[in-house]
file model36.tsv (TSV, C-alpha atoms)
chain	number	residue	atom	x	y	z
A	5	MET	CA	241.23	-21.68	186.45
A	6	ILE	CA	240.97	-18.77	188.84
A	7	GLY	CA	242.35	-15.46	187.72
A	8	LEU	CA	244.94	-14.16	190.18
A	9	LEU	CA	245.09	-10.54	189.06
A	10	ALA	CA	245.03	-7.98	191.84
A	11	PRO	CA	241.50	-6.57	192.15
A	12	THR	CA	240.75	-2.87	191.77
A	13	LEU	CA	238.89	-1.36	194.71
A	14	LEU	CA	235.48	0.10	193.94
A	15	PRO	CA	234.53	3.44	195.55
A	16	ALA	CA	232.85	2.94	198.90
A	17	GLN	CA	229.07	2.72	198.59
A	18	PRO	CA	226.73	4.27	201.17
A	19	ALA	CA	225.16	1.69	203.44
A	20	PRO	CA	221.39	1.27	202.99
A	21	PRO	CA	219.33	2.66	205.87
A	22	ASP	CA	218.80	0.18	208.68
A	23	THR	CA	215.01	-0.12	208.89
A	24	THR	CA	215.09	-3.57	210.48
A	25	ARG	CA	217.27	-3.13	213.58
A	26	GLY	CA	219.94	-5.20	211.90
A	27	ARG	CA	217.77	-8.13	210.86
A	28	TYR	CA	218.54	-9.34	207.31
A	29	HIS	CA	221.72	-7.24	207.37
A	30	ARG	CA	223.77	-8.15	210.46
A	31	PRO	CA	224.34	-11.66	211.82
A	32	LEU	CA	222.01	-11.37	214.81
A	33	PHE	CA	221.91	-15.11	215.44
A	34	SER	CA	224.96	-17.03	216.62
A	35	GLN	CA	223.40	-20.47	216.15
A	36	VAL	CA	221.72	-22.01	213.12
A	37	LYS	CA	219.34	-24.97	213.17
A	38	VAL	CA	219.44	-27.38	210.21
A	39	ARG	CA	216.67	-29.82	209.31
A	40	ARG	CA	218.29	-32.37	207.03
A	41	ASN	CA	216.79	-34.79	204.52
A	42	VAL	CA	213.41	-33.07	204.17
A	43	GLU	CA	211.60	-34.75	201.29
A	44	PHE	CA	210.00	-32.13	199.05
A	45	ALA	CA	209.06	-34.07	195.90
A	46	GLN	CA	208.90	-37.42	194.18
A	47	VAL	CA	209.79	-37.37	190.51
A	48	SER	CA	210.56	-39.72	187.67
A	49	GLY	CA	214.26	-40.62	187.47
A	50	LEU	CA	216.37	-41.04	184.35
A	51	LEU	CA	215.31	-44.70	183.98
A	52	GLY	CA	211.66	-44.03	184.81
A	53	GLN	CA	211.91	-45.04	188.47
A	54	THR	CA	210.33	-42.99	191.26
A	55	GLN	CA	212.98	-40.78	192.81
A	56	PRO	CA	212.53	-38.79	196.03
A	57	LEU	CA	214.16	-35.37	196.25
A	58	TYR	CA	215.42	-33.94	199.53
A	59	LEU	CA	216.52	-30.58	200.87
A	60	ASP	CA	218.37	-29.27	203.91
A	61	PHE	CA	216.53	-26.42	205.64
A	62	TYR	CA	218.46	-23.76	207.58
A	63	GLU	CA	216.90	-21.35	210.07
A	64	PRO	CA	218.13	-19.09	212.89
A	65	ALA	CA	218.03	-20.92	216.21
A	66	GLY	CA	215.71	-19.26	218.71
A	67	ASP	CA	214.00	-17.09	216.09
A	68	THR	CA	210.44	-16.12	217.02
A	69	VAL	CA	209.34	-14.36	213.82
A	70	ARG	CA	206.39	-16.31	212.49
A	71	ARG	CA	206.70	-15.63	208.72
A	72	ARG	CA	210.18	-15.44	207.24
A	73	PRO	CA	211.72	-15.03	203.78
A	74	LEU	CA	213.29	-18.08	202.13
A	75	VAL	CA	216.26	-18.38	199.78
A	76	LEU	CA	216.36	-21.65	197.79
A	77	LEU	CA	219.80	-22.56	196.46
A	78	ALA	CA	221.07	-25.27	194.09
A	79	HIS	CA	224.63	-26.58	193.80
A	80	GLU	CA	226.94	-26.69	190.79
A	81	GLY	CA	228.03	-29.79	188.87
A	82	ALA	CA	227.05	-29.61	185.16
A	83	PHE	CA	223.81	-31.53	185.87
A	84	ALA	CA	225.97	-34.60	186.45
A	85	THR	CA	227.60	-34.30	189.88
A	86	GLY	CA	227.40	-32.43	193.17
A	87	THR	CA	225.49	-32.59	196.43
A	88	ARG	CA	223.25	-30.26	198.36
A	89	ASP	CA	225.66	-30.21	201.32
A	90	ASP	CA	228.68	-28.95	199.39
A	91	ALA	CA	230.82	-26.33	201.08
A	92	VAL	CA	229.50	-23.32	199.16
A	93	MET	CA	225.81	-24.12	199.68
A	94	THR	CA	226.43	-24.88	203.36
A	95	GLU	CA	228.29	-21.62	203.92
A	96	LEU	CA	225.76	-19.42	202.11
A	97	CYS	CA	222.74	-21.03	203.78
A	98	THR	CA	224.36	-20.73	207.20
A	99	ARG	CA	225.23	-17.07	206.70
A	100	LEU	CA	221.72	-16.26	205.47
A	101	ALA	CA	220.16	-17.97	208.48
A	102	ARG	CA	222.37	-15.95	210.83
A	103	LEU	CA	220.85	-12.80	209.29
A	104	GLY	CA	217.32	-14.03	209.97
A	105	TYR	CA	216.45	-15.66	206.65
A	106	THR	CA	215.45	-19.24	206.16
A	107	ALA	CA	217.44	-21.02	203.44
A	108	ALA	CA	217.34	-24.39	201.74
A	109	SER	CA	219.86	-26.29	199.64
A	110	ILE	CA	218.05	-28.68	197.34
A	111	ASP	CA	218.56	-31.94	195.48
A	112	TYR	CA	217.80	-32.11	191.79
A	113	ARG	CA	217.98	-34.87	189.21
A	114	LEU	CA	221.50	-35.56	187.93
A	115	LEU	CA	222.96	-37.43	184.94
A	116	PHE	CA	221.70	-37.53	181.39
A	117	PHE	CA	221.81	-39.76	178.35
A	118	PRO	CA	222.77	-39.54	175.58
A	119	PHE	CA	225.79	-37.41	176.44
A	120	ASP	CA	225.11	-34.64	173.97
A	121	SER	CA	223.53	-31.20	173.80
A	122	VAL	CA	220.01	-32.62	173.65
A	123	GLY	CA	220.68	-34.76	176.70
A	124	ILE	CA	222.05	-31.91	178.79
A	125	GLY	CA	219.25	-29.62	177.62
A	126	ARG	CA	216.67	-32.09	178.86
A	127	ALA	CA	218.61	-32.46	182.12
A	128	ALA	CA	218.44	-28.68	182.61
A	129	ILE	CA	214.66	-28.77	182.12
A	130	ARG	CA	214.27	-31.61	184.62
A	131	ALA	CA	216.42	-29.80	187.17
A	132	THR	CA	214.40	-26.61	186.70
A	133	GLN	CA	211.21	-28.60	187.31
A	134	ASP	CA	212.78	-29.78	190.57
A	135	MET	CA	213.51	-26.23	191.71
A	136	ARG	CA	209.96	-25.22	190.84
A	137	ALA	CA	208.70	-28.19	192.85
A	138	ALA	CA	210.68	-26.93	195.85
A	139	VAL	CA	209.12	-23.46	195.54
A	140	ARG	CA	205.63	-25.01	195.38
A	141	PHE	CA	206.43	-27.27	198.36
A	142	PHE	CA	207.15	-24.26	200.57
A	143	ARG	CA	204.20	-22.28	199.24
A	144	HIS	CA	201.91	-25.21	200.05
A	145	ASP	CA	203.37	-25.44	203.54
A	146	ALA	CA	203.01	-21.68	204.05
A	147	ALA	CA	199.32	-21.95	203.18
A	148	THR	CA	198.64	-25.03	205.32
A	149	ALA	CA	200.76	-26.57	208.10
A	150	ARG	CA	203.40	-23.78	208.33
A	151	ARG	CA	206.00	-26.23	209.61
A	152	PHE	CA	208.79	-24.04	208.23
A	153	ARG	CA	207.30	-20.61	209.03
A	154	VAL	CA	208.10	-19.34	205.55
A	155	ASP	CA	206.26	-16.39	204.03
A	156	GLY	CA	205.15	-17.64	200.62
A	157	ARG	CA	205.37	-14.13	199.13
A	158	TYR	CA	209.11	-13.92	199.76
A	159	ILE	CA	210.73	-16.95	198.16
A	160	PHE	CA	213.95	-16.30	196.25
A	161	VAL	CA	215.84	-18.78	194.06
A	162	GLY	CA	219.52	-18.99	193.27
A	163	GLY	CA	222.37	-21.30	192.50
A	164	SER	CA	225.90	-21.77	191.30
A	165	SER	CA	226.79	-22.73	187.71
A	166	ALA	CA	224.25	-25.47	186.81
A	167	GLY	CA	222.23	-24.34	189.83
A	168	ALA	CA	222.25	-20.81	188.43
A	169	PHE	CA	220.94	-22.05	185.07
A	170	MET	CA	218.08	-23.66	187.03
A	171	ALA	CA	217.31	-20.48	188.97
A	172	LEU	CA	217.37	-18.32	185.85
A	173	GLN	CA	215.08	-20.74	184.00
A	174	THR	CA	212.74	-20.96	187.01
A	175	ALA	CA	212.24	-17.21	186.82
A	176	TYR	CA	212.47	-16.44	183.11
A	177	LEU	CA	211.68	-19.58	181.08
A	178	ASP	CA	207.94	-19.32	181.61
A	179	LYS	CA	206.42	-20.14	178.22
A	180	ALA	CA	206.34	-23.62	176.71
A	181	ALA	CA	206.85	-22.12	173.25
A	182	GLU	CA	210.29	-20.86	174.35
A	183	VAL	CA	211.60	-24.41	174.79
A	184	PRO	CA	213.15	-25.84	171.59
A	185	ALA	CA	210.92	-28.49	170.05
A	186	TYR	CA	213.74	-31.07	169.93
A	187	LEU	CA	213.74	-31.23	173.75
A	188	ASN	CA	210.15	-32.58	173.68
A	189	LEU	CA	208.91	-30.60	176.67
A	190	ALA	CA	205.59	-32.43	176.81
A	191	ALA	CA	207.34	-35.77	177.31
A	192	LEU	CA	209.30	-34.24	180.19
A	193	GLY	CA	206.13	-33.11	181.97
A	194	GLY	CA	205.89	-29.48	180.86
A	195	LEU	CA	207.50	-26.49	182.51
A	196	GLU	CA	206.28	-27.37	186.00
A	197	GLY	CA	206.89	-31.13	185.94
A	198	SER	CA	205.15	-33.59	188.23
A	199	GLY	CA	206.87	-32.88	191.55
A	200	GLY	CA	203.66	-32.28	193.47
A	201	ASN	CA	201.65	-29.38	194.96
A	202	ALA	CA	200.06	-28.50	191.64
A	203	GLY	CA	198.20	-25.22	191.65
A	204	TYR	CA	200.74	-23.36	193.74
A	205	SER	CA	202.88	-20.72	192.05
A	206	SER	CA	206.54	-21.47	191.39
A	207	ARG	CA	207.35	-17.87	190.51
A	208	PRO	CA	210.19	-16.45	192.65
A	209	ARG	CA	210.46	-12.97	194.08
A	210	GLY	CA	214.07	-12.58	192.98
A	211	VAL	CA	216.94	-14.49	191.35
A	212	ILE	CA	220.58	-14.99	192.43
A	213	ASN	CA	222.73	-16.04	189.48
A	214	LEU	CA	226.25	-17.19	190.39
A	215	CYS	CA	228.21	-17.87	187.19
A	216	GLY	CA	225.18	-18.95	185.16
A	217	ALA	CA	223.60	-18.08	181.82
A	218	LEU	CA	220.44	-18.40	179.74
A	219	ALA	CA	220.07	-19.89	176.29
A	220	ARG	CA	218.23	-16.74	175.24
A	221	ALA	CA	218.37	-13.35	176.95
A	222	GLU	CA	214.98	-12.57	175.40
A	223	TRP	CA	213.32	-14.89	177.91
A	224	LEU	CA	213.79	-12.04	180.39
A	225	GLN	CA	210.76	-9.77	179.98
A	226	ALA	CA	209.38	-6.59	181.53
A	227	GLY	CA	207.75	-7.33	184.88
A	228	ASP	CA	209.96	-10.33	185.63
A	229	ALA	CA	211.64	-10.91	188.99
A	230	PRO	CA	214.68	-8.77	189.92
A	231	LEU	CA	218.07	-10.28	189.15
A	232	LEU	CA	221.45	-10.39	190.88
A	233	SER	CA	224.36	-11.79	188.84
A	234	ILE	CA	227.87	-12.46	190.17
A	235	HIS	CA	230.31	-13.76	187.56
A	236	GLY	CA	234.04	-14.03	186.88
A	237	THR	CA	235.07	-11.91	183.92
A	238	ARG	CA	237.50	-14.64	182.73
A	239	ASP	CA	235.09	-17.54	183.11
A	240	GLY	CA	236.19	-20.17	180.59
A	241	ILE	CA	233.27	-22.55	181.27
A	242	VAL	CA	230.17	-20.35	181.30
A	243	PRO	CA	230.83	-17.12	179.37
A	244	TYR	CA	230.56	-13.77	181.12
A	245	GLN	CA	229.42	-12.22	177.84
A	246	ARG	CA	227.75	-14.15	174.99
A	247	GLY	CA	229.60	-17.28	174.00
A	248	LEU	CA	229.75	-21.03	173.57
A	249	ILE	CA	229.18	-23.59	176.26
A	250	GLY	CA	229.36	-27.35	176.12
A	251	GLY	CA	233.00	-28.45	176.19
A	252	PRO	CA	233.25	-31.73	174.26
A	253	LEU	CA	229.53	-31.64	173.40
A	254	PRO	CA	228.21	-29.83	170.34
A	255	ALA	CA	228.58	-26.24	171.53
A	256	GLN	CA	225.58	-24.04	172.24
A	257	VAL	CA	225.49	-20.23	172.36
A	258	VAL	CA	224.33	-18.78	175.68
A	259	ALA	CA	223.86	-15.32	177.16
A	260	GLY	CA	226.13	-14.77	180.16
A	261	SER	CA	225.66	-12.38	183.04
A	262	ALA	CA	226.83	-9.24	181.22
A	263	VAL	CA	224.34	-9.88	178.42
A	264	LEU	CA	221.55	-10.54	180.92
A	265	ARG	CA	222.42	-7.24	182.57
A	266	ARG	CA	221.94	-5.38	179.30
A	267	ARG	CA	218.67	-7.19	178.63
A	268	ALA	CA	217.35	-6.44	182.12
A	269	GLN	CA	218.26	-2.79	181.67
A	270	ALA	CA	216.49	-2.66	178.32
A	271	VAL	CA	213.19	-4.10	179.63
A	272	GLY	CA	213.23	-2.35	182.99
A	273	VAL	CA	213.85	-5.30	185.30
A	274	PRO	CA	215.66	-4.21	188.51
A	275	ASN	CA	219.06	-5.85	188.47
A	276	VAL	CA	222.57	-5.88	189.90
A	277	LEU	CA	225.74	-7.17	188.24
A	278	ARG	CA	228.83	-7.82	190.33
A	279	PRO	CA	231.76	-8.79	188.07
A	280	LEU	CA	234.65	-10.64	189.69
A	281	ARG	CA	237.52	-9.08	187.77
A	282	GLY	CA	240.04	-11.59	186.47
A	283	ALA	CA	238.28	-14.56	188.09
A	284	GLY	CA	237.39	-17.79	186.33
A	285	HIS	CA	234.46	-20.14	186.82
A	286	VAL	CA	232.99	-20.45	190.35
A	287	PRO	CA	236.11	-19.00	192.04
A	288	TYR	CA	234.40	-19.17	195.45
A	289	SER	CA	234.51	-22.97	195.21
A	290	PHE	CA	238.31	-22.90	195.16
A	291	GLU	CA	239.29	-19.75	197.04
A	292	PRO	CA	237.27	-19.12	200.23
A	293	THR	CA	237.92	-15.37	200.25
A	294	TYR	CA	235.58	-15.09	197.26
A	295	ILE	CA	232.66	-16.19	199.47
A	296	ASP	CA	232.51	-12.67	200.89
A	297	SER	CA	232.38	-11.29	197.33
A	298	VAL	CA	229.28	-13.43	196.79
A	299	PHE	CA	227.56	-13.09	200.13
A	300	VAL	CA	227.75	-9.31	200.65
A	301	PRO	CA	226.07	-8.48	197.29
A	302	MET	CA	223.45	-11.19	198.00
A	303	ARG	CA	222.67	-9.60	201.35
A	304	ASP	CA	222.43	-6.10	199.88
A	305	PHE	CA	220.30	-7.29	196.94
A	306	LEU	CA	217.77	-9.23	199.00
A	307	ARG	CA	216.84	-6.84	201.77
A	308	PRO	CA	215.20	-4.10	199.65
A	309	LEU	CA	212.95	-6.76	198.08
A	310	LEU	CA	211.42	-7.87	201.36
A	311	GLY	CA	208.44	-5.52	201.25
A	312	ALA	CA	206.82	-2.48	199.73
A	313	GLY	CA	207.51	0.78	201.53
A	314	ALA	CA	209.76	1.22	204.53
A	315	PRO	CA	210.08	-1.11	206.25
A	316	GLY	CA	207.29	-3.04	204.48
A	317	PRO	CA	204.96	-5.73	205.83
A	318	LEU	CA	207.52	-8.50	206.28
A	319	LEU	CA	210.11	-6.22	207.82
A	320	ALA	CA	207.54	-4.64	210.14
A	321	ALA	CA	206.69	-8.11	211.44
A	322	ALA	CA	210.37	-8.74	212.06
A	323	LEU	CA	210.61	-5.58	214.15
A	324	ASN	CA	207.89	-6.81	216.49
A	325	PRO	CA	208.45	-10.53	217.10
A	326	ARG	CA	206.89	-12.28	220.05
A	327	ARG	CA	210.32	-12.22	221.72
A	328	THR	CA	213.11	-9.93	220.57
A	329	ALA	CA	216.17	-11.74	219.27
A	330	VAL	CA	219.41	-10.82	221.01
A	331	ALA	CA	222.25	-9.65	218.80
A	332	THR	CA	225.29	-11.84	219.29
A	333	ALA	CA	227.43	-10.36	216.52
A	334	ALA	CA	227.41	-6.94	214.95
A	335	LEU	CA	229.82	-6.98	212.05
A	336	PRO	CA	229.07	-8.17	208.51
A	337	PRO	CA	231.53	-10.55	206.83
A	338	ARG	CA	234.78	-9.05	205.63
A	339	ARG	CA	234.35	-7.61	202.15
A	340	VAL	CA	236.71	-8.79	199.45
A	341	PRO	CA	237.32	-5.87	197.05
A	342	LEU	CA	235.52	-6.16	193.73
A	343	ALA	CA	236.76	-4.67	190.53
A	344	ALA	CA	234.89	-2.28	188.31
A	345	THR	CA	234.03	-3.27	184.76
A	346	PRO	CA	233.82	-0.69	181.96
A	347	ALA	CA	230.25	0.44	181.45
A	348	ASP	CA	230.26	-0.44	177.78
A	349	SER	CA	230.66	-4.13	178.61
A	350	VAL	CA	227.59	-4.32	180.83
A	351	GLY	CA	225.19	-1.72	179.51
A	352	ALA	CA	224.70	1.98	180.03
A	353	ALA	CA	225.01	2.01	183.80
A	354	PRO	CA	228.09	0.99	185.83
A	355	PRO	CA	228.01	-2.38	187.61
A	356	GLU	CA	226.54	-1.04	190.85
A	357	ASN	CA	223.37	-1.72	192.78
A	358	LEU	CA	220.43	-0.32	190.88
A	359	PRO	CA	217.37	1.03	192.70
A	360	LEU	CA	215.05	-1.81	193.64
A	361	PRO	CA	211.77	0.08	193.98
A	362	ALA	CA	208.74	-1.05	195.90
A	363	ALA	CA	207.08	-1.62	192.54
A	364	ALA	CA	209.42	-4.57	192.13
A	365	SER	CA	207.04	-6.46	194.38
A	366	ALA	CA	204.82	-6.92	191.35
A	367	ALA	CA	207.57	-9.04	189.82
A	368	ALA	CA	206.95	-11.91	192.20
A	369	GLY	CA	204.03	-14.30	192.55
A	370	SER	CA	201.88	-14.06	195.65
A	371	ALA	CA	201.25	-16.90	198.01
A	372	PRO	CA	198.12	-18.81	197.03

call {"tool": "encode", "arguments": {"input": "model36.tsv", "output": "structure tokens"}}
result
Amino acid sequence: MIGLLAPTLLPAQPAPPDTTRGRYHRPLFSQVKVRRNVEFAQVSGLLGQTQPLYLDFYEPAGDTVRRRPLVLLAHEGAFATGTRDDAVMTELCTRLARLGYTAASIDYRLLFFPFDSVGIGRAAIRATQDMRAAVRFFRHDAATARRFRVDGRYIFVGGSSAGAFMALQTAYLDKAAEVPAYLNLAALGGLEGSGGNAGYSSRPRGVINLCGALARAEWLQAGDAPLLSIHGTRDGIVPYQRGLIGGPLPAQVVAGSAVLRRRAQAVGVPNVLRPLRGAGHVPYSFEPTYIDSVFVPMRDFLRPLLGAGAPGPLLAAALNPRRTAVATAALPPRRVPLAATPADSVGAAPPENLPLPAAASAAAGSAP
């Protein structure tokens, strides 16, 4: 259920300097082009059958920049339900494309058997393999045909609920020894799976965690990709702190966004936590005004990671496209006030944007 407590307004934060003439910060593009049903992988389904996976690719219509950042997103649904064209994924991908990003909402394998903690754990591994396959698909394209004009150095991953578990595992579950033996990782195809484009890195440049968690916060290590977490403080499905998850299944302990914040602080990973005070699980799926509370922090998290220096190589290219894009809108989405969370619940620092230094570029894999 969504908490309905009145939010407390945070102090106004200074706007980051505009080094990109509005690109990646203001909605410069009024129209968005969507390429639907793009096949990015073929994998083994639950019954052993070959299963194609598809994505919907969003880009700004009329954009002339030749190499653009990509945000890959995955929908919610407890690894059992959901579609890539759900309302939240559609809205976020569309808004990102209007800023100048490319974005993709992806399929992943659903359903699991037996219906227990082992079954859902294996489903989470399979879904993470699918997200990694999508990253490799775009890196392969960036190095060859360039049909999507994506810069392989600037691929971000994110998702909501189950999709957030996938994104977090894509970035931080990077050692086979970290996977519990009872999940039989080898039988599942290893960490990368068999979704194609072997040899290309699946490491993202940054992670967007919307109401997700990790089985172990210790998977997050120094040098890992920067992290943005947005999470309801009264989430009764995926805990905001450390807690149990699993409903009718045998419960498992997971580390929610506040715990991941503390871990990231401890190991020096650049990170941002935006608590949604009094909100429950995925409130943006039920109350549209929460979309602004998700999108604005996403926008402000992503832009500093687009290059080293000011404006950085990718941003410099955006400033000098073959044909300058015409601004058709100048105002960012309306901000929904977010509430502060006591510092002792999220680590030493308050839940504000942390510096995302140029050195953070080392946290992401380079294009092959």

call {"tool": "residues_around", "arguments": {"input": "model36.tsv", "residues": "A:Glu80", "least_positions_apart": "2", "cutoff": "9 Å", "atoms": "all atoms listed in the file", "output": "list in words"}}
result
Ala78, Ala82, Phe83, Thr85, Gly86, Thr87, Gly163, Ser164, Ser165, Ala166, Gly167, Ala168 and Val286 of chain A

call {"tool": "residues_around", "arguments": {"input": "model36.tsv", "residues": "stretch 127-130 of chain A", "least_positions_apart": "6", "cutoff": "9 Å", "atoms": "only C-alpha atoms", "output": "list of chain:residue names"}}
result
A:Phe83, A:Ala84, A:Tyr112, A:Arg113, A:Leu114, A:Leu115, A:Phe116, A:Phe117, A:Ala166, A:Phe169, A:Met170, A:Gln173, A:Leu187, A:Leu189, A:Leu192, A:Gly193, A:Gly194, A:Leu195, A:Gly197

call {"tool": "closest_residue", "arguments": {"input": "model36.tsv", "among": "A:Arg157, A:Met135, A:Ala270, A:His285", "to": "A:Val47", "atoms": "all atoms listed in the file"}}
result
A:Met135

call {"tool": "atom_distance", "arguments": {"input": "model36.tsv", "atom1": "atom CA of A:Phe141", "atom2": "atom CA of A:Val161"}}
result
13.4 Å

call {"tool": "atom_distance", "arguments": {"input": "model36.tsv", "atom1": "atom CA of A:Gly156", "atom2": "atom CA of A:Ala219"}}
result
28.6 Å

call {"tool": "atom_distance", "arguments": {"input": "model36.tsv", "atom1": "atom CA of A:Leu103", "atom2": "atom CA of A:Tyr28"}}
result
4.6 Å

call {"tool": "closest_residue", "arguments": {"input": "model36.tsv", "among": "A:Arg150, A:Lys37, A:Arg207, A:Arg265", "to": "A:Leu232", "atoms": "all atoms listed in the file"}}
result
A:Arg265

call {"tool": "residues_near_point", "arguments": {"input": "model36.tsv", "point": "(233.1, -17.3, 175.2)", "cutoff": "12 Å", "atoms": "all atoms listed in the file", "output": "VMD selection string"}}
result
chain A and resid 217 237 to 251 255 to 263 284

call {"tool": "closest_residue", "arguments": {"input": "model36.tsv", "among": "A:Leu57, A:Arg136, A:Ile110, A:Asp155", "to": "A:Val69", "atoms": "only C-alpha atoms"}}
result
A:Asp155

call {"tool": "closest_atom_pairs", "arguments": {"input": "model36.tsv", "of": "stretch 209-251 of chain A", "to": "stretch 304-311 of chain A", "cutoff": "12 Å", "atoms": "all atoms listed in the file", "output": "Markdown table"}}
result
| residue | atom | partner | partner_atom | distance |
| --- | --- | --- | --- | --- |
| A:Arg209 | CA | A:Leu309 | CA | 7.8 |
| A:Gly210 | CA | A:Leu309 | CA | 7.8 |
| A:Val211 | CA | A:Leu306 | CA | 9.3 |
| A:Ile212 | CA | A:Phe305 | CA | 8.9 |
| A:Asn213 | CA | A:Phe305 | CA | 11.8 |
| A:Ala229 | CA | A:Leu309 | CA | 10.1 |
| A:Pro230 | CA | A:Leu309 | CA | 8.6 |
| A:Leu231 | CA | A:Phe305 | CA | 8.6 |
| A:Leu232 | CA | A:Phe305 | CA | 6.9 |
| A:Ser233 | CA | A:Phe305 | CA | 10.1 |
| A:Ile234 | CA | A:Phe305 | CA | 11.4 |

call {"tool": "closest_residue", "arguments": {"input": "model36.tsv", "among": "A:Ala45, A:Val92, A:Arg303, A:Leu77", "to": "A:Gly26", "atoms": "all atoms listed in the file"}}
result
A:Arg303

call {"tool": "closest_residue", "arguments": {"input": "model36.tsv", "among": "A:Lys179, A:Asp111, A:Ser48, A:Arg102", "to": "A:Arg27", "atoms": "all atoms listed in the file"}}
result
A:Arg102

call {"tool": "residues_around", "arguments": {"input": "model36.tsv", "residues": "A:Arg70", "least_positions_apart": "2", "cutoff": "7 Å", "atoms": "all atoms listed in the file", "output": "PDB file with C-alpha atoms, in the coordinates of the input"}}
result
ATOM      1  CA  THR A  68     210.440 -16.120 217.020  1.00  0.00           C
ATOM      2  CA  ARG A  72     210.180 -15.440 207.240  1.00  0.00           C
ATOM      3  CA  ARG A 153     207.300 -20.610 209.030  1.00  0.00           C
TER       4      ARG A 153
END

call {"tool": "closest_residue", "arguments": {"input": "model36.tsv", "among": "A:Arg278, A:Trp223, A:Asp120, A:His144", "to": "A:Ala180", "atoms": "all atoms listed in the file"}}
result
A:Trp223

call {"tool": "residues_around", "arguments": {"input": "model36.tsv", "residues": "A:Ala108", "least_positions_apart": "6", "cutoff": "7 Å", "atoms": "all atoms listed in the file", "output": "PyMOL selection string"}}
result
chain A and resi 59-62+75-77+97

call {"tool": "residues_around", "arguments": {"input": "model36.tsv", "residues": "A:Ala268", "least_positions_apart": "4", "cutoff": "9 Å", "atoms": "all atoms listed in the file", "output": "VMD selection string"}}
result
chain A and resid 221 224 to 226 230 to 231 263 to 264 272 to 275
